[in-house]
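Colleague: Below is the structure I would like to discuss, written out as structure tokens.
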Amino acid sequence: MEQADIDVVSIEGLSVDTIIGVYDWEKEKKQTLTLDIQMSWDNQTAAKSDDLNDALDYALVSEKVTQWVAEKPRQLIETVAEGVASLILNEFGVQNVEVKVSKPGAVPNAANVAVTVRRSVFDSPFG
């Protein structure tokens, strides 16, 4: 996502409460995950038209991601990261996406743990 000719639309600090974890106590209490998402998108058409229909609707992306993450319990943040990347690639016409999922307080004496995945339409493990 560092190519000079690619525009990036970002969603930073998206908080989602969900059941996440492998331990029994984690399966009973919602925890907050924080997601940072970067999506490659050509903004030129939207910039010229000033029309949301030509843009990547980041409000809709945020809504869909929040629904997907919260819809059912999962054990691993790796699963969340892969699933969110696949959702965005498949539903929004994005060519490349980077998803960072943070789980604050998951490890004693660490402020945060996180997993970051970078995927393109050519390599999504979920098709």
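Order determines the names: the first chain of the structure tokens is A, the second B, and so forth; residues in each chain are numbered 1 upward, and ligands are numbered 1 upward as they are shown.
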Can you tell me which residues surround Asn96 of chain A at a distance of at most 7 Å, considering only C-alpha atoms, apart from same-chain residues fewer than 6 positions away, and format the answer as a list in words?
Modeller: Met39, Ser40, Arg119, Ser120 and Val121 of chain A
Colleague: Determine the nearest neighbour of Thr66 of chain A from the options A:Leu52, A:Ile88, A:Ala106, A:Ile6, counting only C-alpha atoms.
Modeller: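 Going through A:Leu52, A:Ile88, A:Ala106, A:Ile6 one by one, the smallest distance to Thr66 of chain A is for A:Ile88.
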Colleague: Considering only C-alpha atoms, state which residue in the set A:Val84, A:Val16, A:Val8, A:Val101 is at the smallest distance from Ala70 of chain A.
Modeller: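 Smallest separation from Ala70 of chain A among the options: A:Val16.
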Colleague: Grab the atom CA of Leu33 of chain A to atom CA of Thr18 of chain A distance for me, in Å with one decimal place.
Modeller: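 Result for atom CA of Leu33 of chain A versus atom CA of Thr18 of chain A: 7.4 Å, one decimal.
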Colleague: Nearest residue to Glu98 of chain A out of A:Glu26, A:Ser49, A:Val9, A:Gln75, using only C-alpha atoms?
Modeller: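 Closest to Glu98 of chain A of all the choices is A:Val9.
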Colleague: Would you return as a PyMOL selection string the members of segment 11-115 of chain A that DSSP assigns to alpha helix (DSSP H) on this structure's backbone?
Modeller: chain A and resi 44-49+58-70+77-92
Colleague: For the selection just defined, write its residues with C-alpha atoms to a file, as a short mmCIF file (atom, residue, chain, number, x, y, z; two decimals), in the first residue's frame.
Modeller:
```cif
data_model
loop_
_atom_site.label_atom_id
_atom_site.label_comp_id
_atom_site.auth_asym_id
_atom_site.auth_seq_id
_atom_site.Cartn_x
_atom_site.Cartn_y
_atom_site.Cartn_z
CA GLN A 44 -10.00 10.87 -8.68
CA THR A 45 -13.54 10.33 -9.97
CA ALA A 46 -15.09 11.18 -6.60
CA ALA A 47 -12.87 14.22 -6.23
CA LYS A 48 -13.97 15.53 -9.62
CA SER A 49 -17.68 14.77 -9.21
CA TYR A 58 -16.38 4.53 4.50
CA ALA A 59 -19.48 4.92 6.68
CA LEU A 60 -20.99 1.85 4.99
CA VAL A 61 -17.68 -0.03 5.23
CA SER A 62 -17.55 0.76 8.97
CA GLU A 63 -21.14 -0.39 9.45
CA LYS A 64 -20.63 -3.68 7.59
CA VAL A 65 -17.35 -4.41 9.37
CA THR A 66 -18.89 -3.68 12.77
CA GLN A 67 -21.83 -6.00 12.01
CA TRP A 68 -19.55 -8.79 10.81
CA VAL A 69 -17.18 -8.61 13.79
CA ALA A 70 -20.00 -8.45 16.35
CA ILE A 77 -8.03 -11.93 16.20
CA GLU A 78 -6.32 -13.54 13.22
CA THR A 79 -9.73 -14.86 12.14
CA VAL A 80 -11.24 -11.40 12.57
CA ALA A 81 -8.50 -9.76 10.50
CA GLU A 82 -8.81 -12.26 7.64
CA GLY A 83 -12.59 -12.12 7.66
CA VAL A 84 -12.71 -8.32 7.61
CA ALA A 85 -10.19 -8.20 4.76
CA SER A 86 -12.25 -10.70 2.78
CA LEU A 87 -15.49 -8.81 3.44
CA ILE A 88 -14.02 -5.54 2.19
CA LEU A 89 -12.42 -7.09 -0.88
CA ASN A 90 -15.58 -8.95 -1.85
CA GLU A 91 -18.23 -6.32 -1.13
CA PHE A 92 -16.66 -2.96 -1.89
#
```
Colleague: Grab the atom CA of Gln38 of chain A to atom CA of Gly105 of chain A distance for me, in Å with one decimal place.
Modeller: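 Value for the atom CA of Gln38 of chain A-atom CA of Gly105 of chain A distance: 23.8 Å.
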Colleague: With only C-alpha atoms as the basis for distance, which of A:Pro108, A:Gly21, A:Gly13, A:Gly93 is at the shortest distance from Pro73 of chain A?
Modeller: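 Of the candidates, the smallest distance to Pro73 of chain A is held by A:Gly21.
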Colleague: Within 7 Å of Val113 of chain A, counting only C-alpha atoms, which residues qualify if same-chain residues fewer than 6 places away don't, as a list in words?
Modeller: Ser102, Lys103, Pro104 and Ala106 of chain A
Colleague: Could the residues in this selection be written to a file with N, CA and C atoms, as an mmCIF file, in the first residue's frame?
Modeller:
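And here's again_5.cif as it stands now:
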```
data_model
loop_
_atom_site.group_PDB
_atom_site.id
_atom_site.type_symbol
_atom_site.label_atom_id
_atom_site.label_comp_id
_atom_site.auth_asym_id
_atom_site.auth_seq_id
_atom_site.Cartn_x
_atom_site.Cartn_y
_atom_site.Cartn_z
ATOM 1 N N SER A 102 -6.627 -4.903 16.912
ATOM 2 C CA SER A 102 -5.969 -4.777 18.213
ATOM 3 C C SER A 102 -6.886 -5.290 19.310
ATOM 4 N N LYS A 103 -6.277 -5.969 20.275
ATOM 5 C CA LYS A 103 -7.003 -6.478 21.440
ATOM 6 C C LYS A 103 -6.279 -5.975 22.689
ATOM 7 N N PRO A 104 -6.637 -4.764 23.123
ATOM 8 C CA PRO A 104 -5.963 -4.174 24.286
ATOM 9 C C PRO A 104 -6.152 -5.038 25.534
ATOM 10 N N ALA A 106 -4.884 -7.911 26.318
ATOM 11 C CA ALA A 106 -4.917 -9.361 26.143
ATOM 12 C C ALA A 106 -3.749 -10.065 26.826
#
```
